[in-house]
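Data block for data_35.cif (mmCIF, C-alpha atoms):
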data_coords
#
loop_
_atom_site.label_atom_id
_atom_site.label_comp_id
_atom_site.auth_asym_id
_atom_site.auth_seq_id
_atom_site.Cartn_x
_atom_site.Cartn_y
_atom_site.Cartn_z
CA MET A 1 18.66 -8.63 212.92
CA ARG A 2 18.69 -7.87 209.21
CA ILE A 3 21.49 -5.52 208.15
CA LEU A 4 22.07 -3.76 204.85
CA TYR A 5 25.65 -2.56 204.43
CA HIS A 6 25.46 0.48 202.20
CA LEU A 7 26.69 3.93 201.23
CA PRO A 8 24.10 6.73 201.25
CA LEU A 9 24.66 7.85 197.63
CA SER A 10 25.28 4.40 196.11
CA PRO A 11 22.49 3.90 193.55
CA PHE A 12 22.82 0.12 193.93
CA SER A 13 22.32 0.39 197.69
CA ARG A 14 19.37 2.72 197.13
CA LYS A 15 17.71 0.23 194.80
CA VAL A 16 17.90 -2.47 197.49
CA ARG A 17 16.65 -0.08 200.21
CA LEU A 18 13.63 0.66 198.01
CA ALA A 19 13.03 -3.04 197.32
CA LEU A 20 13.16 -3.90 201.03
CA ALA A 21 10.83 -1.00 201.89
CA GLU A 22 8.36 -1.88 199.10
CA LYS A 23 8.19 -5.40 200.53
CA ARG A 24 7.85 -3.96 204.06
CA ILE A 25 10.81 -5.98 205.26
CA PRO A 26 12.37 -4.22 208.26
CA PHE A 27 16.14 -3.75 208.19
CA ASP A 28 18.96 -1.82 209.80
CA LEU A 29 21.31 0.29 207.73
CA ARG A 30 25.03 0.26 208.32
CA VAL A 31 27.37 2.58 206.44
CA GLU A 32 30.34 0.65 205.02
CA ARG A 33 33.36 2.75 204.05
CA VAL A 34 34.43 0.33 201.34
CA TRP A 35 37.68 2.21 200.71
CA GLU A 36 38.86 1.14 204.21
CA ARG A 37 38.65 -2.50 203.08
CA ARG A 38 37.53 -3.79 206.50
CA ASP A 39 38.54 -7.46 206.81
CA GLU A 40 35.13 -8.69 208.02
CA PHE A 41 33.45 -6.93 205.09
CA VAL A 42 35.86 -8.29 202.47
CA ALA A 43 35.12 -11.76 203.89
CA MET A 44 31.40 -11.12 203.29
CA ASN A 45 31.96 -9.73 199.80
CA PRO A 46 35.38 -10.23 198.18
CA ALA A 47 34.46 -7.54 195.64
CA CYS A 48 34.41 -5.15 198.64
CA ALA A 49 31.43 -3.24 197.28
CA VAL A 50 28.06 -2.23 198.67
CA PRO A 51 25.29 -3.24 199.00
CA VAL A 52 25.59 -6.44 201.01
CA LEU A 53 22.56 -7.85 202.81
CA GLN A 54 22.94 -9.97 205.92
CA ASP A 55 19.52 -11.49 206.35
CA ALA A 56 17.92 -12.30 209.71
CA ASN A 57 18.78 -16.00 209.22
CA GLY A 58 22.46 -15.09 208.80
CA LEU A 59 22.63 -15.60 205.02
CA VAL A 60 24.88 -13.03 203.37
CA VAL A 61 23.94 -11.87 199.86
CA ALA A 62 26.30 -9.62 197.89
CA ASP A 63 25.60 -7.63 194.70
CA SER A 64 22.43 -5.60 194.24
CA GLY A 65 21.15 -7.81 191.41
CA ALA A 66 21.63 -10.98 193.47
CA ILE A 67 19.95 -9.30 196.46
CA CYS A 68 16.86 -8.27 194.48
CA GLU A 69 16.50 -11.76 192.99
CA TYR A 70 16.95 -13.22 196.48
CA LEU A 71 14.33 -10.93 198.02
CA ASP A 72 11.72 -11.92 195.42
CA GLU A 73 12.46 -15.62 196.05
CA ALA A 74 12.67 -15.49 199.85
CA TYR A 75 9.86 -12.93 200.33
CA PRO A 76 7.51 -13.48 197.38
CA ASP A 77 4.77 -11.16 198.70
CA GLY A 78 4.58 -8.07 196.49
CA PRO A 79 6.66 -9.46 193.62
CA LEU A 80 9.02 -6.88 192.14
CA LEU A 81 10.35 -8.85 189.15
CA GLY A 82 7.07 -9.46 187.29
CA ARG A 83 4.92 -12.56 187.17
CA THR A 84 4.97 -14.02 183.64
CA LEU A 85 8.15 -14.97 181.79
CA ALA A 86 7.64 -12.03 179.41
CA GLU A 87 7.16 -9.56 182.27
CA ARG A 88 10.24 -10.86 184.06
CA ALA A 89 12.34 -10.63 180.88
CA GLU A 90 11.28 -6.99 180.46
CA VAL A 91 11.97 -6.08 184.11
CA ARG A 92 15.43 -7.62 183.96
CA ARG A 93 16.24 -6.00 180.59
CA LEU A 94 15.45 -2.60 182.07
CA VAL A 95 17.31 -3.25 185.32
CA ALA A 96 20.38 -4.08 183.20
CA TRP A 97 19.70 -0.90 181.18
CA PHE A 98 19.76 1.32 184.26
CA ASP A 99 22.41 -0.48 186.32
CA GLN A 100 24.82 -0.96 183.44
CA LYS A 101 24.07 1.45 180.57
CA PHE A 102 22.71 4.39 182.56
CA TYR A 103 25.35 3.79 185.21
CA LEU A 104 28.27 3.83 182.74
CA GLU A 105 26.89 6.68 180.62
CA VAL A 106 25.53 8.95 183.34
CA THR A 107 25.96 7.99 187.01
CA ARG A 108 29.63 7.10 186.81
CA ASN A 109 30.47 10.21 184.82
CA LEU A 110 28.78 12.52 187.31
CA LEU A 111 28.37 10.95 190.76
CA HIS A 112 31.56 8.92 190.68
CA GLU A 113 33.63 11.77 189.28
CA LYS A 114 32.29 14.38 191.69
CA GLN A 115 31.81 12.36 194.89
CA MET A 116 33.57 9.01 194.92
CA LYS A 117 36.88 10.30 193.55
CA ARG A 118 36.97 12.82 196.40
CA LEU A 119 36.21 10.13 198.99
CA LEU A 120 38.75 7.73 197.51
CA GLY A 121 41.41 10.41 197.15
CA GLN A 122 41.59 9.87 193.38
CA GLY A 123 41.88 13.55 192.48
CA SER A 124 39.42 15.92 190.92
CA ALA A 125 36.61 15.30 188.46
CA ASP A 126 37.54 14.72 184.83
CA ALA A 127 36.00 17.42 182.60
CA THR A 128 35.46 15.04 179.66
CA ALA A 129 33.57 12.61 181.89
CA LEU A 130 31.37 15.40 183.29
CA ARG A 131 30.56 16.66 179.79
CA ALA A 132 29.62 13.13 178.68
CA GLY A 133 27.45 12.62 181.77
CA TYR A 134 25.51 15.85 181.25
CA ALA A 135 25.08 15.08 177.53
CA ASN A 136 23.88 11.53 178.19
CA ILE A 137 21.26 12.29 180.82
CA LYS A 138 18.83 13.91 178.36
CA PRO A 139 18.31 10.88 176.04
CA HIS A 140 17.99 8.70 179.13
CA LEU A 141 15.30 10.95 180.63
CA ASP A 142 13.54 10.89 177.26
CA TYR A 143 13.57 7.09 177.26
CA ILE A 144 12.20 6.99 180.81
CA GLY A 145 9.54 9.50 179.80
CA TRP A 146 8.60 7.42 176.76
CA LEU A 147 8.31 4.26 178.87
CA ALA A 148 6.27 6.09 181.51
CA GLU A 149 3.87 7.43 178.87
CA THR A 150 3.26 4.07 177.23
CA ARG A 151 2.98 1.95 180.40
CA ALA A 152 1.68 2.32 183.96
CA TRP A 153 5.21 1.75 185.30
CA LEU A 154 8.51 1.52 183.43
CA ALA A 155 8.45 -2.23 182.77
CA GLY A 156 4.69 -2.72 182.49
CA ALA A 157 1.48 -2.71 184.50
CA THR A 158 3.04 -2.91 187.96
CA LEU A 159 5.86 -1.28 189.86
CA SER A 160 9.05 -3.34 189.54
CA VAL A 161 12.75 -3.32 190.27
CA ALA A 162 13.11 -1.48 186.93
CA ASP A 163 11.40 1.56 188.49
CA LEU A 164 13.47 1.19 191.65
CA ALA A 165 16.73 0.98 189.71
CA ALA A 166 15.94 4.06 187.61
CA ALA A 167 14.74 6.01 190.65
CA ALA A 168 17.81 4.97 192.66
CA HIS A 169 20.22 6.38 190.07
CA LEU A 170 18.19 9.54 189.55
CA SER A 171 17.71 10.17 193.28
CA ALA A 172 21.46 9.95 193.89
CA LEU A 173 22.10 12.35 191.00
CA ASP A 174 19.30 14.61 192.25
CA TYR A 175 21.00 14.80 195.64
CA ILE A 176 24.06 16.39 194.01
CA GLY A 177 21.80 18.67 191.94
CA ASP A 178 22.56 17.07 188.59
CA VAL A 179 19.05 16.33 187.29
CA ASP A 180 17.30 19.06 185.31
CA TRP A 181 13.72 17.83 185.61
CA SER A 182 12.47 20.37 183.06
CA MET A 183 14.07 18.22 180.34
CA ASN A 184 11.19 15.76 180.21
CA ASP A 185 7.76 16.21 181.77
CA ALA A 186 6.72 12.56 181.59
CA ALA A 187 9.91 11.46 183.33
CA LYS A 188 9.34 14.12 185.98
CA ASP A 189 5.75 12.95 186.53
CA TRP A 190 6.90 9.35 186.87
CA TYR A 191 9.59 10.39 189.37
CA ALA A 192 7.06 12.45 191.35
CA ARG A 193 4.86 9.35 191.60
CA ILE A 194 7.61 7.07 192.85
CA LYS A 195 9.05 9.76 195.12
CA SER A 196 5.68 10.02 196.91
CA ARG A 197 5.68 6.35 197.88
CA PRO A 198 6.34 5.52 201.54
CA SER A 199 9.30 3.35 200.45
CA PHE A 200 11.08 6.51 199.30
CA ARG A 201 11.04 8.33 202.65
CA GLY A 202 14.33 6.90 203.89
CA LEU A 203 16.14 8.16 200.80
CA LEU A 204 14.64 11.64 201.06
CA THR A 205 15.61 12.14 204.72
CA ASP A 206 19.19 10.92 204.20
CA ARG A 207 21.78 13.62 204.67
CA ILE A 208 25.48 13.31 203.96
CA SER A 209 27.73 15.31 206.22
CA GLY A 210 29.27 18.25 204.38
CA LEU A 211 27.00 17.87 201.35
CA SER A 212 23.48 19.33 201.36
CA PRO A 213 21.05 18.45 198.61
CA PRO A 214 19.23 21.17 196.63
CA ALA A 215 15.96 22.46 198.12
CA HIS A 216 13.77 20.42 195.74
CA TYR A 217 15.46 17.09 196.65
CA ALA A 218 12.96 16.06 199.34
CA ASP A 219 10.06 18.17 198.01
CA LEU A 220 7.26 16.01 196.66
CA ASP A 221 6.00 18.95 194.52
CA PHE A 222 9.37 19.76 192.98
CA MET B 1 12.91 -21.48 165.35
CA ARG B 2 15.01 -20.31 168.28
CA ILE B 3 17.61 -17.69 167.34
CA LEU B 4 20.48 -16.29 169.36
CA TYR B 5 21.80 -13.01 167.97
CA HIS B 6 25.46 -12.87 168.93
CA LEU B 7 29.02 -11.90 168.13
CA PRO B 8 31.60 -14.70 168.12
CA LEU B 9 34.00 -13.12 170.63
CA SER B 10 31.36 -11.51 172.89
CA PRO B 11 31.83 -13.16 176.32
CA PHE B 12 28.18 -12.42 177.16
CA SER B 13 27.03 -14.23 174.01
CA ARG B 14 29.38 -17.12 174.78
CA LYS B 15 27.91 -17.48 178.28
CA VAL B 16 24.40 -17.84 176.81
CA ARG B 17 25.60 -20.28 174.12
CA LEU B 18 27.09 -22.44 176.88
CA ALA B 19 23.90 -22.22 178.97
CA LEU B 20 21.73 -23.25 176.01
CA ALA B 21 24.07 -26.12 175.16
CA GLU B 22 24.28 -27.33 178.77
CA LYS B 23 20.49 -27.46 178.81
CA ARG B 24 20.49 -29.20 175.41
CA ILE B 25 18.18 -26.56 173.97
CA PRO B 26 18.71 -26.39 170.20
CA PHE B 27 19.20 -22.94 168.69
CA ASP B 28 20.42 -21.16 165.60
CA LEU B 29 23.17 -18.57 165.79
CA ARG B 30 22.95 -15.32 163.89
CA VAL B 31 25.83 -12.84 163.85
CA GLU B 32 24.58 -9.33 164.61
CA ARG B 33 26.91 -6.50 163.61
CA VAL B 34 25.69 -4.22 166.38
CA TRP B 35 27.69 -1.26 165.05
CA GLU B 36 25.42 -1.20 161.97
CA ARG B 37 22.46 -0.48 164.29
CA ARG B 38 19.99 -2.51 162.19
CA ASP B 39 16.48 -1.15 162.79
CA GLU B 40 14.86 -4.54 163.46
CA PHE B 41 17.57 -5.36 165.99
CA VAL B 42 17.30 -2.03 167.83
CA ALA B 43 13.56 -2.68 168.07
CA MET B 44 14.32 -6.02 169.76
CA ASN B 45 16.93 -4.51 172.08
CA PRO B 46 17.08 -0.71 172.38
CA ALA B 47 20.52 -1.09 173.99
CA CYS B 48 21.61 -2.51 170.60
CA ALA B 49 23.87 -5.09 172.22
CA VAL B 50 24.28 -8.85 171.93
CA PRO B 51 23.19 -11.38 173.03
CA VAL B 52 19.46 -11.32 172.27
CA LEU B 53 17.47 -14.54 172.34
CA GLN B 54 14.34 -14.94 170.25
CA ASP B 55 12.75 -18.05 171.67
CA ALA B 56 10.73 -20.56 169.65
CA ASN B 57 7.49 -19.05 171.03
CA GLY B 58 8.51 -15.63 169.70
CA LEU B 59 9.45 -14.10 173.06
CA VAL B 60 12.46 -11.82 172.78
CA VAL B 61 14.85 -11.67 175.75
CA ALA B 62 17.68 -9.14 175.78
CA ASP B 63 20.71 -8.98 178.10
CA SER B 64 22.74 -12.06 179.00
CA GLY B 65 21.74 -11.96 182.67
CA ALA B 66 18.05 -11.76 181.81
CA ILE B 67 18.46 -14.59 179.28
CA CYS B 68 20.14 -16.93 181.78
CA GLU B 69 17.45 -16.24 184.41
CA TYR B 70 14.80 -16.79 181.73
CA LEU B 71 16.34 -20.10 180.60
CA ASP B 72 16.36 -21.48 184.14
CA GLU B 73 12.70 -20.47 184.60
CA ALA B 74 11.40 -21.59 181.20
CA TYR B 75 13.57 -24.74 180.95
CA PRO B 76 14.12 -25.83 184.56
CA ASP B 77 15.79 -29.16 183.65
CA GLY B 78 19.46 -29.02 184.56
CA PRO B 79 19.26 -25.90 186.73
CA LEU B 80 22.23 -23.59 186.25
CA LEU B 81 21.53 -21.05 189.01
CA GLY B 82 21.61 -23.35 192.04
CA ARG B 83 18.76 -24.87 194.04
CA THR B 84 18.73 -23.40 197.55
CA LEU B 85 18.57 -19.67 198.28
CA ALA B 86 22.17 -19.75 199.51
CA GLU B 87 23.40 -21.54 196.37
CA ARG B 88 21.54 -19.10 194.14
CA ALA B 89 22.98 -16.11 196.00
CA GLU B 90 26.50 -17.47 195.52
CA VAL B 91 25.99 -18.22 191.81
CA ARG B 92 24.65 -14.73 191.18
CA ARG B 93 27.39 -13.06 193.22
CA LEU B 94 30.00 -14.80 191.08
CA VAL B 95 28.21 -14.09 187.80
CA ALA B 96 28.26 -10.40 188.77
CA TRP B 97 31.94 -10.79 189.68
CA PHE B 98 32.86 -12.13 186.24
CA ASP B 99 30.45 -10.11 184.10
CA GLN B 100 31.09 -6.82 185.85
CA LYS B 101 34.39 -6.88 187.77
CA PHE B 102 36.37 -9.26 185.56
CA TYR B 103 34.84 -7.62 182.49
CA LEU B 104 35.82 -4.07 183.53
CA GLU B 105 39.25 -5.03 184.89
CA VAL B 106 40.34 -7.55 182.26
CA THR B 107 38.08 -8.28 179.26
CA ARG B 108 37.35 -4.67 178.38
CA ASN B 109 41.00 -3.65 178.72
CA LEU B 110 42.19 -6.43 176.40
CA LEU B 111 39.45 -7.75 174.13
CA HIS B 112 37.61 -4.46 173.70
CA GLU B 113 40.81 -2.48 173.16
CA LYS B 114 42.30 -4.94 170.67
CA GLN B 115 39.22 -6.16 168.79
CA MET B 116 36.13 -4.04 169.28
CA LYS B 117 37.87 -0.70 168.78
CA ARG B 118 39.14 -1.95 165.42
CA LEU B 119 35.68 -3.15 164.39
CA LEU B 120 34.02 0.06 165.57
CA GLY B 121 36.68 2.27 163.97
CA GLN B 122 37.57 3.79 167.33
CA GLY B 123 41.31 3.83 166.73
CA SER B 124 44.09 1.74 168.18
CA ALA B 125 44.41 0.06 171.55
CA ASP B 126 45.24 2.25 174.54
CA ALA B 127 48.57 1.18 176.09
CA THR B 128 47.45 2.03 179.64
CA ALA B 129 44.35 -0.14 179.27
CA LEU B 130 46.39 -3.06 177.92
CA ARG B 131 48.86 -2.80 180.81
CA ALA B 132 46.00 -2.78 183.31
CA GLY B 133 44.35 -5.77 181.65
CA TYR B 134 47.53 -7.86 181.70
CA ALA B 135 48.19 -6.89 185.34
CA ASN B 136 44.64 -7.71 186.45
CA ILE B 137 44.35 -11.16 184.88
CA LYS B 138 46.77 -12.81 187.36
CA PRO B 139 44.80 -12.07 190.59
CA HIS B 140 41.61 -13.09 188.79
CA LEU B 141 43.13 -16.43 187.72
CA ASP B 142 44.31 -16.90 191.30
CA TYR B 143 40.78 -16.31 192.60
CA ILE B 144 39.35 -18.79 190.08
CA GLY B 145 42.04 -21.28 191.09
CA TRP B 146 41.24 -20.82 194.78
CA LEU B 147 37.51 -21.34 194.15
CA ALA B 148 38.22 -24.40 192.00
CA GLU B 149 40.41 -25.92 194.70
CA THR B 150 37.90 -25.44 197.52
CA ARG B 151 34.74 -26.48 195.62
CA ALA B 152 33.75 -28.95 192.91
CA TRP B 153 32.77 -26.05 190.64
CA LEU B 154 33.28 -22.31 191.08
CA ALA B 155 30.04 -21.58 192.95
CA GLY B 156 29.64 -24.91 194.75
CA ALA B 157 28.88 -28.57 194.22
CA THR B 158 27.42 -28.29 190.73
CA LEU B 159 28.25 -26.57 187.47
CA SER B 160 26.48 -23.19 187.27
CA VAL B 161 26.27 -20.00 185.26
CA ALA B 162 29.21 -18.79 187.37
CA ASP B 163 31.44 -21.36 185.62
CA LEU B 164 29.94 -20.49 182.25
CA ALA B 165 30.49 -16.74 182.78
CA ALA B 166 34.12 -17.21 183.82
CA ALA B 167 34.79 -19.65 180.99
CA ALA B 168 33.10 -17.33 178.47
CA HIS B 169 35.40 -14.42 179.32
CA LEU B 170 38.51 -16.58 179.44
CA SER B 171 37.70 -18.41 176.19
CA ALA B 172 37.30 -15.10 174.33
CA LEU B 173 40.61 -13.87 175.76
CA ASP B 174 42.22 -17.23 174.97
CA TYR B 175 41.15 -16.84 171.34
CA ILE B 176 43.25 -13.68 171.06
CA GLY B 177 46.12 -15.40 172.91
CA ASP B 178 45.90 -13.30 176.07
CA VAL B 179 45.66 -16.01 178.73
CA ASP B 180 48.92 -17.36 180.15
CA TRP B 181 47.65 -20.60 181.68
CA SER B 182 50.94 -21.26 183.45
CA MET B 183 49.96 -18.52 185.94
CA ASN B 184 47.70 -20.79 187.97
CA ASP B 185 47.53 -24.58 187.73
CA ALA B 186 44.19 -24.95 189.55
CA ALA B 187 42.55 -22.42 187.23
CA LYS B 188 44.02 -24.25 184.25
CA ASP B 189 42.70 -27.61 185.52
CA TRP B 190 39.24 -26.14 186.03
CA TYR B 191 39.30 -24.65 182.51
CA ALA B 192 40.44 -27.98 181.03
CA ARG B 193 37.45 -29.65 182.71
CA ILE B 194 34.91 -27.17 181.38
CA LYS B 195 36.57 -27.01 177.97
CA SER B 196 36.10 -30.79 177.60
CA ARG B 197 32.34 -30.60 178.02
CA PRO B 198 30.21 -31.13 174.89
CA SER B 199 28.64 -27.68 175.48
CA PHE B 200 32.01 -26.09 174.70
CA ARG B 201 32.44 -27.53 171.22
CA GLY B 202 30.68 -24.69 169.42
CA LEU B 203 33.02 -22.15 170.96
CA LEU B 204 36.14 -24.14 170.11
CA THR B 205 35.25 -24.55 166.44
CA ASP B 206 34.34 -20.87 165.97
CA ARG B 207 36.69 -19.02 163.66
CA ILE B 208 36.69 -15.30 163.02
CA SER B 209 37.73 -14.30 159.54
CA GLY B 210 41.15 -12.66 159.54
CA LEU B 211 41.91 -13.67 163.12
CA SER B 212 43.24 -17.14 163.92
CA PRO B 213 43.43 -18.35 167.51
CA PRO B 214 46.68 -19.76 168.96
CA ALA B 215 47.28 -23.48 168.46
CA HIS B 216 46.26 -24.40 172.02
CA TYR B 217 42.85 -22.67 171.76
CA ALA B 218 40.87 -25.76 170.71
CA ASP B 219 43.30 -28.28 172.22
CA LEU B 220 41.78 -30.13 175.17
CA ASP B 221 45.29 -30.97 176.46
CA PHE B 222 46.63 -27.43 176.28
#

Take the structure I supplied and represent it as structure tokens, if you would.
Amino acid sequence: MRILYHLPLSPFSRKVRLALAEKRIPFDLRVERVWERRDEFVAMNPACAVPVLQDANGLVVADSGAICEYLDEAYPDGPLLGRTLAERAEVRRLVAWFDQKFYLEVTRNLLHEKQMKRLLGQGSADATALRAGYANIKPHLDYIGWLAETRAWLAGATLSVADLAAAAHLSALDYIGDVDWSMNDAAKDWYARIKSRPSFRGLLTDRISGLSPPAHYADLDF
Amino acid sequence: MRILYHLPLSPFSRKVRLALAEKRIPFDLRVERVWERRDEFVAMNPACAVPVLQDANGLVVADSGAICEYLDEAYPDGPLLGRTLAERAEVRRLVAWFDQKFYLEVTRNLLHEKQMKRLLGQGSADATALRAGYANIKPHLDYIGWLAETRAWLAGATLSVADLAAAAHLSALDYIGDVDWSMNDAAKDWYARIKSRPSFRGLLTDRISGLSPPAHYADLDF
């Protein structure tokens, strides 16, 4: 049995769920409350963070970047990291852009402040962080829109982990109602395209107890 | 001509310099003052961060993770990411550990606060960040020591990017005198081994104007 240890709103977990679904690799989801620091989980990933993939052969892979690289090596059908060296360099540059830059400038300031701090008992959201997050999302949507207008998908001619990373962050923020899609039409069109893919269904039907998403969250014509 | 755009104390640049040197790939170094936001550089890397590699064939690769993956694909001699799927998963998990966790918990709190803020004109170091950085370095050195005692190199039987990433962060911190090597003997022994490799020479002879390293910085018997 293949198990992905995850948290429903973790953008890094969402990226891996999308990658697995795009490759049509079946898997079971298991919620891991990382703040409980379960011994067996810390043994699998000393960083005690999701996602962690336990593959059907027993191999444990921790860290969303390591998991995506692993999936493309172990299951090369439907490559998600590009084919040529230049394509792969561009996919990985953009994955770093979304998972590091977008994460630090937007996701952490909004999702972490509003949701994770509550879960971890770290107090209420910091107003400066929220202001920064809301200010930073616009230039990021503009960049996504610009990429989507100049290429078929964000990193080039084919769908890649770059699209999945961007969509993972935005879908988690969309769940808490923090994406104003009117800011950039091209970014919205790109998101509508990726949201309509079968791989996205699991994310759209996810519900977190005590926190309902806005009405447009699962609507494909939002 | 192969050019690596870098900053001397950037741990991410140092990791790539070590990877290039381990693979015996010749390259020229060019200091990029990222805070000047030079147009040609932003065009190469919209994130306007070092390192960026411009390979001899003209291909531009941005982001240290993308560069290391690229180097192992384009120059497979002397693989630095492991051979089997399990080895590669472990190397990448540890690279993420050092470049994300160690970076956020230690490097950013010390090196960024003391050096980058001054360069960027962002004011003086934050005392809370410094305290956190000094408190966090001990458990990290213990983890490195534990890995070094149970394996030939940090990720397994052979030297890998995991060693280079850890050594890159520690060497930059060592330059500003922030590593107390008496904290963990096994970590110190591992660092002495990697510091003695020919690939390390470039880092040890680097000098930043106006900032001298402590006497032990370039000493192989520190």

Contact check, chain B to chain A, at most 10 Å, counting all atoms listed in the file, closest pairs as CSV:
residue,atom,partner,partner_atom,distance
B:Asn45,CA,A:Arg93,CA,8.7
B:Pro46,CA,A:Trp97,CA,9.2
B:Ala47,CA,A:Trp97,CA,7.2
B:Leu59,CA,A:Ala86,CA,6.9
B:Val60,CA,A:Ala89,CA,8.2
B:Val61,CA,A:Ala89,CA,5.8
B:Ala62,CA,A:Arg93,CA,5.9
B:Asp63,CA,A:Arg93,CA,5.9
B:Ser64,CA,A:Arg93,CA,9.0
B:Gly65,CA,A:Arg92,CA,7.8
B:Ala66,CA,A:Arg92,CA,5.4
B:Ile67,CA,A:Ala89,CA,7.5
B:Glu69,CA,A:Ala89,CA,8.4
B:Tyr70,CA,A:Ala89,CA,6.7
B:Leu71,CA,A:Leu85,CA,9.7
B:Glu73,CA,A:Leu85,CA,7.7
B:Ala74,CA,A:Leu85,CA,7.4
B:Leu85,CA,A:Tyr70,CA,6.9
B:Ala86,CA,A:Leu59,CA,6.9
B:Arg88,CA,A:Tyr70,CA,7.8
B:Ala89,CA,A:Val61,CA,5.8
B:Glu90,CA,A:Val61,CA,7.5
B:Val91,CA,A:Ala66,CA,8.6
B:Arg92,CA,A:Ala66,CA,5.3
B:Arg93,CA,A:Ala62,CA,5.9
B:Leu94,CA,A:Asp63,CA,9.2
B:Val95,CA,A:Ala66,CA,9.2
B:Ala96,CA,A:Asp63,CA,7.1
B:Trp97,CA,A:Ala47,CA,7.2
B:Gln100,CA,A:Gln100,CA,8.9
B:Lys101,CA,A:Ala47,CA,7.9
B:Tyr143,CA,A:Pro46,CA,9.9

Can you tell me which residues surround Glu105 in chain B at a distance of at most 10 Å, considering only C-alpha atoms, apart from same-chain residues fewer than 5 positions away, and format the answer as a list of chain:residue names?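 Once the nearby chain positions are removed, what remains is B:Phe98, B:Gln100, B:Leu110, B:Ala129, B:Ala132, B:Gly133, B:Tyr134, B:Ala135, B:Asn136, B:Ile137, B:His140.
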
Would you put the residues from that selection into a file with C-alpha atoms, as a compact mmCIF listing (two decimals), keeping the file's coordinate frame?
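What landed in part-v4.txt:
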# COMPACT_ATOMS: atom_id res chain seq x y z
CA PHE B 98 32.86 -12.13 186.24
CA GLN B 100 31.09 -6.82 185.85
CA LEU B 110 42.19 -6.43 176.40
CA ALA B 129 44.35 -0.14 179.27
CA ALA B 132 46.00 -2.78 183.31
CA GLY B 133 44.35 -5.77 181.65
CA TYR B 134 47.53 -7.86 181.70
CA ALA B 135 48.19 -6.89 185.34
CA ASN B 136 44.64 -7.71 186.45
CA ILE B 137 44.35 -11.16 184.88
CA HIS B 140 41.61 -13.09 188.79

Separation of CA of Gly78 in chain A from CA of Arg24 in chain A, in Å and rounded to one decimal: 9.2 Å

Could you tell me how far CA of His169 in chain A lies from CA of Pro11 in chain A, in Å and to one decimal?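 So the two atoms, CA of His169 in chain A and CA of Pro11 in chain A, lie 4.8 Å apart.
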
Within 12 Å of Asp219 in chain B, counting all atoms listed in the file, which residues show up once you throw out same-chain ones fewer than 2 positions away? Write them as a list in words, please.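 My list of contacting residues is Asp174, Tyr175, Tyr191, Ala192, Lys195, Ser196, Phe200, Arg201, Leu204, Thr205, Pro213, Pro214, Ala215, His216, Tyr217, Asp221 and Phe222 of chain B.
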
Kindly export the residues of the current selection with C-alpha atoms, as a CSV table (one decimal), in the frame of the given file.
chain,number,residue,atom,x,y,z
B,174,ASP,CA,42.2,-17.2,175.0
B,175,TYR,CA,41.2,-16.8,171.3
B,191,TYR,CA,39.3,-24.6,182.5
B,192,ALA,CA,40.4,-28.0,181.0
B,195,LYS,CA,36.6,-27.0,178.0
B,196,SER,CA,36.1,-30.8,177.6
B,200,PHE,CA,32.0,-26.1,174.7
B,201,ARG,CA,32.4,-27.5,171.2
B,204,LEU,CA,36.1,-24.1,170.1
B,205,THR,CA,35.2,-24.6,166.4
B,213,PRO,CA,43.4,-18.4,167.5
B,214,PRO,CA,46.7,-19.8,169.0
B,215,ALA,CA,47.3,-23.5,168.5
B,216,HIS,CA,46.3,-24.4,172.0
B,217,TYR,CA,42.8,-22.7,171.8
B,221,ASP,CA,45.3,-31.0,176.5
B,222,PHE,CA,46.6,-27.4,176.3
